[in-house]
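Colleague: Pasting a structure below so you can have a look.
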Amino acid sequence: MSRRYPEYDVQSKRGGPSWNDVTRQIVDARLAIPREPRFLDATQWTILCALCACVVPQPQNRPEVPLAALIDARLLADHGDGYRDARLPPFRQAWRIGLAALDAEALDRHAEGFAGLSRTQQDELLADAQAGDLVHPAWQGMPSRLFFSLRLAHDIAAAYYRHPVAWNEVGFGGPAAPRGYVRLGANHRDAWEPAEARPGAESRARELNRHVR
Amino acid sequence: MSAELYLEALETPRARGGRAPDVFSPTGWVPMREYPLDEPVDFAIVGTGAGGGTLAAKLAEAGFSVVAFDAGAWWRPLSEFASDEEHQQKLFWTDERVCSGDNPLVLGTNNSGKAVGGSTVHYAMVSLRFRPEWFRSRSLLGYGVDWPIDWQDMWHYYREVEQVLGISGPVRYPWGPKRPRYPYRQHELNASALALARACEAQGIDWTSTPLATLSAPRDQAPPCVYRGFCVTGCSTNAKQSVLNTWLPRALKGGAEVRDLAMVGRIETGPDGLASGVHYHRDGSWHFQRARHVVVAGYAIETPRLLLNSACPRYPDGLANSSGLVGKNLMVHSNQAAWGLVDDEIRWYKGPPSLAISEHWNYCDDNKDFFGGYAFMSQGPLPAAWAETQVGNRGLWGQALVDEMEKYNHQVGLKIVGETLPQERNRVSLADERDAYGLPIARVSYSFCDNDLRLINHAMRFLRGGLEGIDAREIWSETEGTAHLMGTARMGDDPRTSVVNADCRSWDIRNLWICDGSVFPTSGGVNPSLTIQAIACRTADRIGDMARRGEL
């Protein structure tokens, strides 16, 4: 449950005038994606799951957004960006190389695969990747810095913030067709928008959010 | 993933059998004239965006036979556009391209569309005129090159496009020569826009509501904007006035044919050295459309790619390339931003993302340590786009990312559209890799020059000052990012230093024309769509004049 927007659930608007048919169906399809890997093998999948937990740590008190499954589905569809930095290989290849390279770095450094490291060790390794300090031959010349910022962190963060659970967390109004919005000014809120729990006004926000439709 | 849903338009061509999708209806059709392949049409136009779509309408209305081709799909916004950042990527050009240089470009979102209507289907609707002096920037301002078109000529055509798009704008525009009132009233300002207004007032400069191509009152079959805020993912109500729902319906009524899912791979030239038609891929196979004139309007990457891919023994370096400039002088706009946090709830997801603007630094030349200018606008990124900025530009991940994202509704931002200088080293060329059609893909090399970086530094200092002036906290600068594409087939007065003349006619092949952002000699500090449409309107009028005089 969102801390800032308690009891706000963007999907409570699903049947209302902010969600048209096309939006309902494509969001439903996203929520229904298979939780098992269809593109990656078991080893790659385990590494990816660990990476997702590092890039977007999720609270324990709600069902987890299946980030690894969302990435795997994108890999299955080979849905790249449509352009790539010349220093990176194509979408699928970049992910395959990156997963293997991070595992190889972990084995070199800790004699344990990436998924088996402690969270601190994982975070340290990723910080080194972000800084471009990882140069194991398993990278096959792909700069770890670019893989981290343009693929790994980029793709995982984008997958998370395209999910309704994340919209609840940040207080996003979500889908808005055809109804749109009326009150555009600062501190003005339409009745179908999330209410923020300002200090001392948490229960009021809770009440308002229960009535979002 | 939603791979199978609402993607039918990408699978089978829709415009055929004498009809085309009615964009004002969830499922309907409108009549469309069709032309045979083996009889030459007057004009084959490659691309249906701001250049090609506009030209198709104007030429068809002038009585020419026109077939326009688009590699993308013909969408029906009312039934096929979701309020969803991920799904709507179906509007972007996502065929592979390779980007290199000191500042490899990010393509897709803010610079590359693939749909009937082109990038205007997902543009931010910001509709600005060039500063008059920019058309003679070399002579009057000391940088870049002069355009071969007079500013008053262009301002006449700006007026025409503003009327066609029903631009909503202010009663009085603070900068430049007096201009007529915009056809529709300005939009209400959202909190994000009012933050820009206060930042400008703190800095002592003018601001105004942004002239936008989204309706502030009903118009024909289109309703006024309801401030959904999903503009850059495609407007699902038709309030946005794009080429898809303005020029193209006019083109069809005028007798043009528009072929969707039709990728032109090669322009054929005959023994006389003239263009004789286009080879295009549709429905799983290649076809050839004969034409008396060919217009290339694929925007600043696909246009040079097609010209280069059409090389033949007579034109070994590609078509229209005797100057060697096809593909060179690629320009973008620098698109940096200053971001900050305020106590107020801003909720910038409501309304068009850039409702307020300052063009102060486009029109004021005082104490600049750089050539050119920049506009800056208020911002309203949707959550995934905002997260990508946090990751890509700020390097946040882990709990730091999650915590920062929770501040989403309290963010304000000022982002520039900054002029970059033309440089020959910035170019589009052909890579060894091939795409699904078997065509060499584009390699796009881009590097800022020192002047570009000085402009960005000036802007960042100024915008941060503006945010400090409204007591924003946690101010940070997004130092990467570009928008828009221009150059690569510049217009000019001299065949040795330009690809086309002022009428967009190529110097080398008199029945080959280029009409899109590729022809810009300089980039200016404003979004290019209005200027592209104005150039297309002018080109259509010139073609009509020349035809009447027998000079075509």
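FYI, nothing fancy with the structure tokens labels: chains A, B, ... in order, residues from 1 per chain, ligands from 1 as they appear.
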As a ChimeraX atom specification, could you give me every residue of chain A near chain B (at most 8 Å apart, counting only C-alpha atoms)?

Modeller: /A:4,19-23,25-27,29-30,33,54-57,70,73-74,77,80-87,149-150,153-154,157-162,167,169-182,184-188

Colleague: Residues within 8 Å of range 427-438 of chain B, please, as JSON, numbers by chain. Count only C-alpha atoms; anything in the same chain fewer than 2 positions from it doesn't count.

Modeller: {"B": [95, 96, 98, 265, 281, 301, 304, 305, 308, 309, 327, 328, 329, 330, 424, 425, 440, 441, 442, 443, 444, 445, 446, 488]}

Colleague: What are the closest atom pairs, with distances in Å to one decimal, for all residues of range 97-146 of chain A lying within 10 Å of range 36-45 of chain A? Consider only C-alpha atoms, order rows by chain and residue number, and present the result as CSV.

Modeller:
residue,atom,partner,partner_atom,distance
A:Gly98,CA,A:Gln44,CA,9.9
A:Leu99,CA,A:Gln44,CA,6.4
A:Ala100,CA,A:Gln44,CA,7.4
A:Asp103,CA,A:Gln44,CA,9.0
A:Gly113,CA,A:Thr43,CA,9.5
A:Ala115,CA,A:Thr43,CA,9.1

Colleague: Filtering to N, CA and C atoms, could you give me those residues as an mmCIF file, in the first residue's frame?

Modeller:
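Contents of selection_15.cif, freshly written:
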data_model
loop_
_atom_site.group_PDB
_atom_site.id
_atom_site.type_symbol
_atom_site.label_atom_id
_atom_site.label_comp_id
_atom_site.auth_asym_id
_atom_site.auth_seq_id
_atom_site.Cartn_x
_atom_site.Cartn_y
_atom_site.Cartn_z
ATOM 1 N N GLY A 98 24.857 -9.250 -20.758
ATOM 2 C CA GLY A 98 24.896 -8.549 -19.476
ATOM 3 C C GLY A 98 24.620 -9.477 -18.297
ATOM 4 N N LEU A 99 23.623 -10.342 -18.443
ATOM 5 C CA LEU A 99 23.296 -11.270 -17.354
ATOM 6 C C LEU A 99 24.468 -12.212 -17.100
ATOM 7 N N ALA A 100 25.036 -12.749 -18.175
ATOM 8 C CA ALA A 100 26.163 -13.681 -18.023
ATOM 9 C C ALA A 100 27.367 -12.972 -17.420
ATOM 10 N N ASP A 103 27.050 -12.347 -13.691
ATOM 11 C CA ASP A 103 27.240 -13.613 -12.984
ATOM 12 C C ASP A 103 28.729 -13.971 -12.914
ATOM 13 N N GLY A 113 27.514 -17.226 -7.607
ATOM 14 C CA GLY A 113 26.776 -16.554 -8.685
ATOM 15 C C GLY A 113 26.075 -15.309 -8.167
ATOM 16 N N ALA A 115 23.022 -14.276 -8.084
ATOM 17 C CA ALA A 115 21.805 -14.459 -7.288
ATOM 18 C C ALA A 115 22.118 -14.949 -5.882
#

Colleague: Please provide as a short mmCIF file (atom, residue, chain, number, x, y, z; two decimals) with N, CA and C atoms, in the first residue's frame all residues within 6 Å of range 190-206 of chain A, with the sequence filter that same-chain residues fewer than 3 positions apart are discarded (counting only C-alpha atoms).

Modeller:
data_model
loop_
_atom_site.label_atom_id
_atom_site.label_comp_id
_atom_site.auth_asym_id
_atom_site.auth_seq_id
_atom_site.Cartn_x
_atom_site.Cartn_y
_atom_site.Cartn_z
N ARG A 4 2.26 7.48 0.73
CA ARG A 4 1.80 8.85 0.52
C ARG A 4 0.33 8.94 0.15
N TYR A 5 -0.16 7.92 -0.51
CA TYR A 5 -1.53 7.95 -1.03
C TYR A 5 -2.30 6.74 -0.50
N PRO A 6 -2.53 6.70 0.81
CA PRO A 6 -3.08 5.49 1.44
C PRO A 6 -4.44 5.12 0.86
N GLU A 7 -4.58 3.85 0.54
CA GLU A 7 -5.83 3.26 0.02
C GLU A 7 -6.19 3.76 -1.37
N TYR A 8 -5.30 4.50 -2.00
CA TYR A 8 -5.57 4.87 -3.41
C TYR A 8 -5.27 3.66 -4.29
N GLY A 171 1.18 8.40 -6.88
CA GLY A 171 0.03 9.29 -6.89
C GLY A 171 -0.34 9.78 -8.27
N GLY A 173 -2.66 9.91 -11.56
CA GLY A 173 -4.08 9.72 -11.83
C GLY A 173 -4.38 8.54 -12.72
N ARG A 183 -9.67 20.32 -12.66
CA ARG A 183 -8.99 21.25 -11.75
C ARG A 183 -7.49 21.17 -11.99
N ASN A 209 -9.48 8.72 -0.79
CA ASN A 209 -8.98 7.72 -1.73
C ASN A 209 -9.92 6.52 -1.85
N VAL A 212 -12.40 7.24 -4.65
CA VAL A 212 -11.95 7.48 -6.04
C VAL A 212 -12.60 6.46 -6.96
N ARG A 213 -13.25 6.95 -8.00
CA ARG A 213 -13.92 6.06 -8.95
C ARG A 213 -13.58 6.43 -10.36
#

Colleague: Could you give me, as a list in words, the residues within 12 Å of Glu124 in chain A, counting only C-alpha atoms and dropping anything in the same chain fewer than 5 positions from it?

Modeller: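 Once the nearby chain positions are removed, what remains is Cys54, Leu102, Glu105, Ala106, Arg109, His110, Phe114, Leu117, Ser118, Arg119, Ala129, Gln130, Ala131, Asp133 and Leu134 of chain A; Gly398 of chain B.
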
Colleague: Once DSSP has gone over the backbone, tell me which residues of chain A are in alpha helix (DSSP H), as a VMD selection string.

Modeller: chain A and resid 21 to 31 42 to 55 67 to 76 91 to 110 119 to 131 144 to 146 153 to 161 164 to 170 202 to 210

Colleague: List as a VMD selection string the protein and nucleic acid residues near Gly318 in chain B, meaning an atom at most 7 Å away when only C-alpha atoms are counted, but skip any in the same chain fewer than 3 places from it.

Modeller: chain B and resid 307 to 311 315 321

Colleague: Can you list, as a ChimeraX atom specification, every protein, DNA or RNA residue that comes within 12 Å of Gly270 in chain B when you count only C-alpha atoms, leaving out same-chain residues fewer than 6 positions away?

Modeller: /B:276-278,290-292,312-315,509,511

Colleague: Pull all heavy atoms from the residues just selected and write them as an mmCIF file, in the first residue's frame.

Modeller:
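File written: again_32.cif
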data_model
loop_
_atom_site.group_PDB
_atom_site.id
_atom_site.type_symbol
_atom_site.label_atom_id
_atom_site.label_comp_id
_atom_site.auth_asym_id
_atom_site.auth_seq_id
_atom_site.Cartn_x
_atom_site.Cartn_y
_atom_site.Cartn_z
ATOM 1 N N SER B 276 11.366 8.173 -61.980
ATOM 2 C CA SER B 276 10.246 7.608 -62.733
ATOM 3 C C SER B 276 9.206 6.959 -61.827
ATOM 4 O O SER B 276 8.142 6.562 -62.289
ATOM 5 C CB SER B 276 10.762 6.578 -63.741
ATOM 6 O OG SER B 276 11.513 5.577 -63.079
ATOM 7 N N GLY B 277 9.498 6.855 -60.539
ATOM 8 C CA GLY B 277 8.532 6.276 -59.619
ATOM 9 C C GLY B 277 9.231 5.707 -58.394
ATOM 10 O O GLY B 277 10.433 5.922 -58.201
ATOM 11 N N VAL B 278 8.435 4.996 -57.570
ATOM 12 C CA VAL B 278 8.999 4.458 -56.325
ATOM 13 C C VAL B 278 8.679 2.973 -56.182
ATOM 14 O O VAL B 278 7.585 2.515 -56.535
ATOM 15 C CB VAL B 278 8.461 5.219 -55.084
ATOM 16 C CG1 VAL B 278 8.905 6.676 -55.123
ATOM 17 C CG2 VAL B 278 6.954 5.124 -54.953
ATOM 18 N N ARG B 290 4.443 4.241 -60.759
ATOM 19 C CA ARG B 290 5.007 5.232 -61.679
ATOM 20 C C ARG B 290 4.546 6.636 -61.274
ATOM 21 O O ARG B 290 3.437 6.809 -60.771
ATOM 22 C CB ARG B 290 4.580 4.922 -63.112
ATOM 23 C CG ARG B 290 5.155 3.620 -63.631
ATOM 24 C CD ARG B 290 4.743 3.355 -65.074
ATOM 25 N NE ARG B 290 5.290 4.386 -65.955
ATOM 26 C CZ ARG B 290 4.776 4.677 -67.149
ATOM 27 N NH1 ARG B 290 3.693 4.055 -67.575
ATOM 28 N NH2 ARG B 290 5.338 5.613 -67.905
ATOM 29 N N ALA B 291 5.416 7.599 -61.486
ATOM 30 C CA ALA B 291 5.073 8.968 -61.083
ATOM 31 C C ALA B 291 5.839 9.977 -61.933
ATOM 32 O O ALA B 291 6.958 9.715 -62.362
ATOM 33 C CB ALA B 291 5.401 9.188 -59.605
ATOM 34 N N ARG B 292 5.213 11.131 -62.188
ATOM 35 C CA ARG B 292 5.888 12.216 -62.911
ATOM 36 C C ARG B 292 6.829 12.988 -61.989
ATOM 37 O O ARG B 292 7.816 13.549 -62.436
ATOM 38 C CB ARG B 292 4.848 13.176 -63.508
ATOM 39 C CG ARG B 292 4.015 12.547 -64.603
ATOM 40 C CD ARG B 292 3.070 13.558 -65.276
ATOM 41 N NE ARG B 292 2.155 12.825 -66.142
ATOM 42 C CZ ARG B 292 0.983 12.330 -65.747
ATOM 43 N NH1 ARG B 292 0.566 12.553 -64.510
ATOM 44 N NH2 ARG B 292 0.235 11.633 -66.566
ATOM 45 N N CYS B 312 22.448 4.448 -57.958
ATOM 46 C CA CYS B 312 22.419 3.638 -59.177
ATOM 47 C C CYS B 312 23.644 4.054 -59.996
ATOM 48 O O CYS B 312 24.337 5.003 -59.620
ATOM 49 C CB CYS B 312 21.118 3.902 -59.932
ATOM 50 S SG CYS B 312 20.871 5.645 -60.321
ATOM 51 N N PRO B 313 23.935 3.360 -61.097
ATOM 52 C CA PRO B 313 25.158 3.702 -61.840
ATOM 53 C C PRO B 313 25.245 5.186 -62.202
ATOM 54 O O PRO B 313 26.313 5.794 -62.143
ATOM 55 C CB PRO B 313 25.055 2.821 -63.083
ATOM 56 C CG PRO B 313 24.264 1.641 -62.630
ATOM 57 C CD PRO B 313 23.280 2.165 -61.631
ATOM 58 N N ARG B 314 24.128 5.778 -62.562
ATOM 59 C CA ARG B 314 24.173 7.191 -62.935
ATOM 60 C C ARG B 314 24.390 8.096 -61.714
ATOM 61 O O ARG B 314 24.980 9.168 -61.829
ATOM 62 C CB ARG B 314 22.869 7.572 -63.622
ATOM 63 C CG ARG B 314 22.885 9.011 -64.091
ATOM 64 C CD ARG B 314 21.701 9.292 -64.988
ATOM 65 N NE ARG B 314 21.760 10.650 -65.523
ATOM 66 C CZ ARG B 314 21.352 10.984 -66.721
ATOM 67 N NH1 ARG B 314 20.866 10.060 -67.531
ATOM 68 N NH2 ARG B 314 21.412 12.235 -67.118
ATOM 69 N N TYR B 315 23.861 7.673 -60.571
ATOM 70 C CA TYR B 315 24.006 8.469 -59.341
ATOM 71 C C TYR B 315 24.631 7.583 -58.251
ATOM 72 O O TYR B 315 23.943 7.146 -57.317
ATOM 73 C CB TYR B 315 22.642 8.975 -58.866
ATOM 74 C CG TYR B 315 21.911 9.846 -59.872
ATOM 75 C CD1 TYR B 315 20.762 9.381 -60.514
ATOM 76 C CD2 TYR B 315 22.363 11.133 -60.162
ATOM 77 C CE1 TYR B 315 20.087 10.173 -61.432
ATOM 78 C CE2 TYR B 315 21.691 11.933 -61.080
ATOM 79 C CZ TYR B 315 20.551 11.459 -61.719
ATOM 80 O OH TYR B 315 19.885 12.238 -62.618
ATOM 81 N N ILE B 509 17.946 16.608 -59.840
ATOM 82 C CA ILE B 509 16.903 15.877 -60.566
ATOM 83 C C ILE B 509 15.643 16.723 -60.463
ATOM 84 O O ILE B 509 15.061 16.849 -59.385
ATOM 85 C CB ILE B 509 16.691 14.479 -59.941
ATOM 86 C CG1 ILE B 509 17.996 13.679 -59.980
ATOM 87 C CG2 ILE B 509 15.566 13.731 -60.652
ATOM 88 C CD1 ILE B 509 17.943 12.329 -59.274
ATOM 89 N N ASN B 511 12.581 16.552 -61.184
ATOM 90 C CA ASN B 511 11.268 16.066 -60.732
ATOM 91 C C ASN B 511 11.370 15.298 -59.404
ATOM 92 O O ASN B 511 10.510 14.503 -59.074
ATOM 93 C CB ASN B 511 10.587 15.221 -61.817
ATOM 94 C CG ASN B 511 11.290 13.888 -62.037
ATOM 95 O OD1 ASN B 511 12.458 13.730 -61.671
ATOM 96 N ND2 ASN B 511 10.582 12.929 -62.610
#
